[in-house]
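**Student:** I have a structure here, written as structure tokens, and I will follow up with some questions on it.
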Amino acid sequence: MNMKIKLFSIAAVLLMSGCFNNKKSETVSVESGTKDLSSNFSKNIDLEVYDFNGFEKFLNKKDDKVYVINFWATWCAPCVKELPYFERLNAEFKDDGMEVILVSLDFPHLYENKLKPFIKERNLKSKVVALDDPDMNTWIPKVSESWTGAIPATIIYRNDHRKFYEQSFDFEELKTELNQFLNKNIYP
Amino acid sequence: MKKSIKLVSAVLVLIVMSAFTITSDGYKIGDIAEDFSLENVNGKMVSLSDYKDAKGFIVTFTCNTCPFAVAYEDRIIALDQKYASKGYPVIAIMPNNVKVKPGDNLDAMKERAESKGFTFPYLIDADQSVYPKYGATKTPHLFVLQKTKKGNVVKYIGAIDDNYKDASAVSTKYVEDAVDALLAGKEVPEKETKAIGCTIKV
């Protein structure tokens with residue numbers, strides 16, 4: 001009986017978290033970058049833009065740091081929803097030898113009026129780079145053979161050890177995955 | 001009480017399990033695609049079996065609200081205009097949960113089909129039962145089927161072409177190459193391709 005309740009609650013939590021994700025995703029606004037922001041402040045933001053060849057270095061660092069690479073876009077509601085978790089992860093663990101890199105797949109013609117205002121307004125602290133390479137069929141498999149191309153998608157790696165996730169995260173899940181890579185007993 | 005908890009938990013576990021299997025399953029190249037009966041924007045139900053003279057189909061999972069799907073709209077229309085008369089009509093299916101994406105509901109679909117002048121059916125996967133069978137994960141996501149005696153065989157899965165940004169800068173038209181090959185009785189040159197798209201909203 002005990003076990004069934006446990007099973008029930010696990011299932012319920014899983015279900016609820018699934019429903020929660022879905023319900024939330026519709027309400028996230030990507031229109032929040034106002035014109036004021038785009039005309040006044042966002043010009044100050046330097047956005048690094050890469051094609052895949054230029055970007056690939058971010059996937060292959062061998063400096064013993066843990067890299068959490070998240071592929072997202074301002075138009076992707078589930079991506080926008082999970083961004084705060086990546087931000088929090090970066091804030092809490094950056095001193096433990098890890099770095100979050102947010103890789104925007106926004107349309108290049110919207111960098112100025114959408115992406116930069118978004119970065120400014122959300123006050124994103126993690127490193128944001130833009131990947132602009134239309135030949136997706138060439139570069140998507142180089143990121144991961146198992147990636148269908150849906151976003152959000154995330155890679156966590158340290159040197160040669162890496163994992164790819166085509167899924168949405170909450171903070172606890174992210175932390176759990178990160179901890180495997182940090183391999184430290186941070187949480188007593 | 002005990003019994004109902006047992007029942008509810010069993011149902012929940014089943015639902016959760018099916019949710020996980022859905023993401024990993026789906027048609028592979030060479031599989032037979034099941035037929036379906038889905039509501040079109042004109043209120044009529046559409047099945048593949050309605051197309052007696054078709055040689056195959058360009059089944060396109062797409063929607064109103066995904067920027068990538070929108071970027072490809074004109075090219076989807078062009079595919080239908082080029083290949084419907086040759087026996088490969090486009091069948092567009094909107095797979096999103098409209099509670100999550102109200103901009104994809106049937107009324108919005110009707111509006112879009114009218115304003116863009118869709119020449120093909122734009123069907124709603126209202127109970128979200130069809131896209132998991134295909135293994136579609138995003139919009140746009142295309143499946144080229146060839147009609148055979150055994151059924152509709154999956155011959156191509158993936159993107160329309162290799163440049164979402166600029167139709168004039170495309171160097172490989174994956175879907176056209178696939179259908180042209182099938183029409184010529186040849187092997188599809190590139191059977192699976194990858195592209196960024198919007199996750200199907202469940």
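Each chain of the structure tokens is named A, B, ... in the order shown, its residues numbered from 1; ligands are numbered from 1 in display order.
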Please identify all polymer residues within 12 Å of Glu56 in chain A, counting only C-alpha atoms, omitting same-chain residues fewer than 3 positions from it, and present them as a ChimeraX atom specification.

**Tutor:** /A:50-53,59-61,69,103,129,131,133,139-140,142-143

**Student:** What's around range 48-65 of chain B at 6 Å? Count only C-alpha atoms, leave out sequence neighbours fewer than 2 positions away in its own chain, and write the answer as a list of chain:residue names.

**Tutor:**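 What passes the distance filter is B:Asp35, B:Ala69, B:Gly87, B:Tyr88, B:Pro89, B:Val90, B:Ile91, B:Ala92, B:Ile93, B:Met94, B:Asp104, B:Thr139, B:Pro140, B:His141, B:Leu142, B:Phe143, B:Val144, B:Leu145, B:Gln146, B:Lys147.
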
**Student:** Could you work out how far CA of Phe36 in chain B lies from CA of Lys150 in chain B, giving the answer in Å with one decimal?

**Tutor:**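 Interatomic distance here is 16.2 Å.
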
**Student:** So what do you get for CA of Gly103 in chain B versus CA of Cys66 in chain B, distance-wise?

**Tutor:**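 If I compute the distance from CA of Gly103 in chain B to CA of Cys66 in chain B, I get 9.9 Å.
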